[in-house]
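> Submitted below is the structure of interest, expressed as structure tokens.
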Amino acid sequence: MTRTLTCIICPRGCTLQAEINGDSVSVSGNACKRGEEYGRSECLHPVRTVTAVIRVENRPDCALSVKTAQPIAKEHIFDLMAVLRGMTVKAPVAIGEVICDNIYGTQVIATGSVE
Amino acid sequence: MKNHDIVIIGGGPAGMAAAVAAFDSGVRDVVIIDREDNLGGVLKQCIHNGFGLHKLGKELTGPEYAHVYAQQVRERGIKVYSGTTVTRITSDKIVTATNTDGILKIQAKAVVLAMGCRERSRGALNISGTRPAGVYSAGTAQKLINCDGYMVGKRVVILGSGDIGLIMARRMTLQGAKVEAVCEILPYSGGLTRNIVQCLEDYGIPLHLSTTVAEIHGSERLEGVTVAQVDQNRAPIESTRRYIPCDTLLLSCGLIPENELTLNAGIELDKVTGGAVVDQFRQTSIDGIFACGNVLQVHDLVDHVSDEAECAGASAAKYVLGNPSECGRITTCAGEGVRYVLPQRVLLSGEQVSLYLRVREPQTGVKLVVKSGERIIKTFPRLKAAPGEMEKLDIPMSLLSDADKTLTVSMEVQ
Amino acid sequence: MIYDIAIVGAGVCGGMIARELSRYDLRVCLLERANDVAMGASKANSGIIHGGFDPEPGTLKQKFNTEGRELLFDAARELSVPHIRNGSLVCAFTPEEEEQVRELYARGATNGIDNLHLISGEQARALESSLSQGVTLALHVPDAGIVCPYKLTIAAVGNAMDNGVELHRNFEVTGIEHSGGIFTLKSAAGESVSTKYLINCAGGHAGKVAAMAGDDSIEIIPRAGEYMLLDRSEGKTVGHTIFRAPSKEGKGILVSPTADGNLLLGPTAVRVDTPDSTQTTREGLAAVARSVKESVPNVDLSRVITSFTGVRASHAAGDFIVGQSKTVDNMINVAAIDSPGLTACVAIARYVTDILGGMGVQLDRKPDWCGKREDTEAFSKLTDEEKDAVIKQNPAYGRIICRCEEITEGEIRAALHINPPALDMDGVKRRTRSGMGRCQGGFCAPFVMKLIAEERQIELEEVTKNGGSSKMLTGRI
């Protein structure tokens, strides 16, 4: 089976051709190595980095921006969002702090700071 | 009246990078005037990732990218007047600003303009219908959601497929809203292809090209919009009108450089870019006033903003340190298929000059041709070119001479 | 409690009548169905102080325009409302239109208006360089002017409140009982107000309100006018108000600076179903653009910052209706106040007061009445040194919230306190211009929302655009 993909790794957005044979995928059309990795991953187990904000319980009109430290499986995105929507943190929080450990195989970390 | 060597107006990505570059070029008395309480400008609300690949070699979110530059500003001890809004700049470089301490006046030796841009509003788009709550420019909604932690709506239509519109479609979806459609009046999207994939296709959000919002409905809160396909003159086609119930309309229909201060200072503006006319050192028509970032030309990547700002900051430092060199100058102009070329003036100085431009329409298999009169100076082949992606053409100065008066850049189909 | 007088409708007439009555020792209330005053035709009209040459001699329009013009300039001054005597030009492009303009000139003389001048196209272009080459004759009216109509209404109501008048907002009259010499007005929300005298200033709904009291003689014809407003950068495109020769539909599409420094284009004149038909249409805005390009070709339509529709309350007979109801005792109708209603409003208010006197209302002047209102835009007019001094006293004046119009937190907080306090986003906008500039609130809206929530001590989610269910937010993330 072949699939045509748009690489989302960088703004260049290469059009990729992926030839899929069971667990082996050969990718063409990529301008760099990362494109090849993306093509393979997208065909076998697509993943995305998720970014979001969570509420800060002692700062009513302020939200903390967060991201997953590694990309997570696409099918878990909404489950993760449900967890994050139900969560609050307490200020102060510094950029880089781990907000949630070991969730869908990665961590959720703060991308901003709240004093 | 205070005195500072270099005053940078704006604490977003352009202002921060310009300040750091000016400092590193040998001027110590550099200050940033920022109307917000924290450095970072619009990056603070751009919580998505995709920033910094080119400039920092890693993929960061907006707040993280801002943090890198804010740290650099702090490490150098560059003074930041935060919560301070500049209200006037004069041609002799007196900057007037307001903050809670009072009215501040600074005599600067050089000024770097880095005020950024604003979004085109519903009024400017002249969309007909009623005027209910729930019609937001996409960036305003982005701030309310990402910085303040409030949702603006539950059922959403987005007009405009620029990157902000696409990013907000995903953002609203992840936050539990239903995005009914993204409508784009042009036959192509103005956003990056990767954003169409990861923001719309990932979530099954339809993108309707050559389609606009023809009418807004609802008396108090928005109740729905009528969308319609448009003809070649971008006028809605009656027979294609279709009602979509929604409580929120987000507008992502273009960014406009914020040049009211620039205009009042008497600086020459370019009608096409909406920013100042500059040379390759980002100096405006007034000596010692420089411009960079989205106030100069609307960029699609923050990395390019940082590059441009470093150039402006370093040039401002050079101006203050004073080594003027007389040299010839050439003007640039946009030819067939090209919307604009920046810088508008090229001084015959330095090793090479980078020309930035945007094409008028998406095209595959093209070449961008730089000419002086009939003489071809350099040709740049491109597999594809699109209005949403700024092109950069590097031209060795050795190819240019005093004899050249005007450089024309045009797009030719191969 | 029984009021002496209840006024239904806080438009410019209701507001001016309230202010006029606040001079006297009376219990007066003003009932408004919306979340703010000036929410009907008073917020969306041309803002013109008409010269007085136009109305048919012998009509109420003519009487109140002639009497009212200078009274309005005086009131605008006392109430510190932006106004300019910028003069107007009525322009003819064809021999037929020239004839009409000559007629207007003659009518002006009949109406007792002096200082009118018929001038050639050349002379008109000497006064107004942007004027079309196609203009062949013009009527120059140096005494005409412009005023901000909603600020005038807000100021009139505010001044009335300062002098004791009570304003009840969100009071939509749904029923009126009249017995034993007392009117009892019921609201949609179930409240009621009792009064001895009733003044009907309900604008587009005046027919409905009169009918509730038992007078079904008023039939209002709602007529929509669409406008476009341009950035302040374009405010000097013309100095005078530029009219076309009038048509059956009205005074035609004008080009005018506004008292706040923008450029205003419009209105169209289209009969609509209801007084609440305030939507704009593609056709209407296109018609405005077309007409404007004929009279002032260099108007830059790319500088439009907003468009809106005002619905004027007209009447088949063509004249204002101002007087005692013929069928209901102790009720005065002030209805069908379309153009030149703004110019006429102070004269109407005086006339209504005289009628009340004639009906036996005791008009005892209050010794402490003050007709002046503080200038709510005073801060923006200060020099840098003066601003600096104010900021040192109150740092909120040093925080600029609306960058386009340079409006500070101090001014916005004041607008949430000064009579009649703003309750919503649009209310703040009309009082301070915050959000009225080129970005149309894109940057300042989140900050203004927080200030409203803070000053009114409500949750952020409760902040509305203009009352009712017009909430800005749908909840926390």
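Naming works like this for the structure tokens: A, B, ... for the chains as they're shown, residue 1 at the start of each chain, ligands 1 onward in shown order.
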Should the cut-off be 9 Å, what would the residue list for chain C against chain A look like, counting only C-alpha atoms, as a PyMOL selection string?

chain C and resi 450+460+476-477

> Find the residues of chain B in contact range of chain A, meaning any atom within 8 Å when counting only C-alpha atoms, and list them as a ChimeraX atom specification.

/B:47-50,53,61,63-64,67,146-149,171,174-175,192-195,197-198

> So which residues touch Met212 of chain C within 12 Å, counting only C-alpha atoms, skipping near sequence neighbours fewer than 3 positions away, as a ChimeraX atom specification?

/C:173-178,183-186,198,200,205-209,215-218,328,331

> Counting only C-alpha atoms, collect the residues of chain B whose closest atom lies at most 8 Å from chain C, and write them out as a VMD selection string.

chain B and resid 83 to 85 87 98 to 103 118 to 124 126 to 134 136 to 137 139 to 140 143 to 145 149 to 154 175 220 to 221

> Could you check which of A:Thr4, A:Glu37, A:Glu115, A:His45 is closest to Asp23 of chain A, using only C-alpha atoms?

A:His45

> Could you list, as a VMD selection string, every residue within 10 Å of segment 308-315 of chain B, counting only C-alpha atoms and ignoring same-chain residues fewer than 3 positions away?

chain B and resid 6 8 13 to 27 30 110 to 114 280 to 283 288 to 294 296 302 to 305 318 to 321

> Can you write out the residues you just picked, keeping C-alpha atoms, as a compact mmCIF listing (two decimals), in the first residue's frame?


# COMPACT_ATOMS: atom_id res chain seq x y z
CA ILE B 6 19.24 52.98 21.73
CA ILE B 8 13.70 49.75 21.27
CA PRO B 13 10.42 38.67 19.61
CA ALA B 14 11.66 41.52 17.39
CA GLY B 15 12.32 43.95 20.22
CA MET B 16 14.13 41.37 22.36
CA ALA B 17 16.38 40.14 19.54
CA ALA B 18 17.15 43.71 18.43
CA ALA B 19 18.10 44.69 21.99
CA VAL B 20 20.40 41.71 22.42
CA ALA B 21 22.08 42.29 19.05
CA ALA B 22 22.54 46.00 19.74
CA PHE B 23 24.11 45.21 23.11
CA ASP B 24 26.36 42.54 21.63
CA SER B 25 27.47 44.98 18.92
CA GLY B 26 29.02 47.17 21.60
CA VAL B 27 26.35 49.62 22.79
CA VAL B 30 20.07 49.93 25.30
CA ALA B 110 18.89 55.57 17.68
CA VAL B 111 15.42 54.04 17.77
CA VAL B 112 14.38 50.55 16.72
CA LEU B 113 10.69 50.15 15.86
CA ALA B 114 9.40 46.70 16.87
CA GLN B 280 19.08 46.17 3.98
CA PHE B 281 20.27 47.40 7.37
CA ARG B 282 16.62 48.01 8.24
CA GLN B 283 17.15 51.76 8.47
CA GLY B 288 18.98 56.43 13.08
CA ILE B 289 15.44 55.01 13.12
CA PHE B 290 15.29 51.31 12.28
CA ALA B 291 12.41 48.85 11.97
CA CYS B 292 12.11 45.08 12.23
CA GLY B 293 9.66 42.26 12.75
CA ASN B 294 5.96 42.41 12.00
CA LEU B 296 8.06 46.18 9.08
CA VAL B 302 9.26 33.98 14.28
CA ASP B 303 12.77 32.72 13.49
CA HIS B 304 12.88 35.16 10.57
CA VAL B 305 11.65 37.92 12.85
CA LYS B 318 26.75 50.71 14.31
CA TYR B 319 24.89 53.98 13.77
CA VAL B 320 25.39 55.01 17.39
CA LEU B 321 29.07 54.04 17.37

> Between atom CA of Asp402 of chain B and atom CA of Gly373 of chain B, measure the distance and give it in Å to one decimal.

13.2 Å

> Please identify all polymer residues within 8 Å of Lys90 of chain A, counting only C-alpha atoms, omitting same-chain residues fewer than 3 positions from it, and present them as a PyMOL selection string.

chain A and resi 56-58+93

> Any chance you could export the current selection's C-alpha atoms as a compact mmCIF listing (two decimals), in the first residue's frame?


# COMPACT_ATOMS: atom_id res chain seq x y z
CA VAL A 56 -3.99 28.05 38.24
CA GLU A 57 -6.04 27.74 41.39
CA ASN A 58 -4.63 30.81 43.16
CA VAL A 93 5.25 27.56 38.72
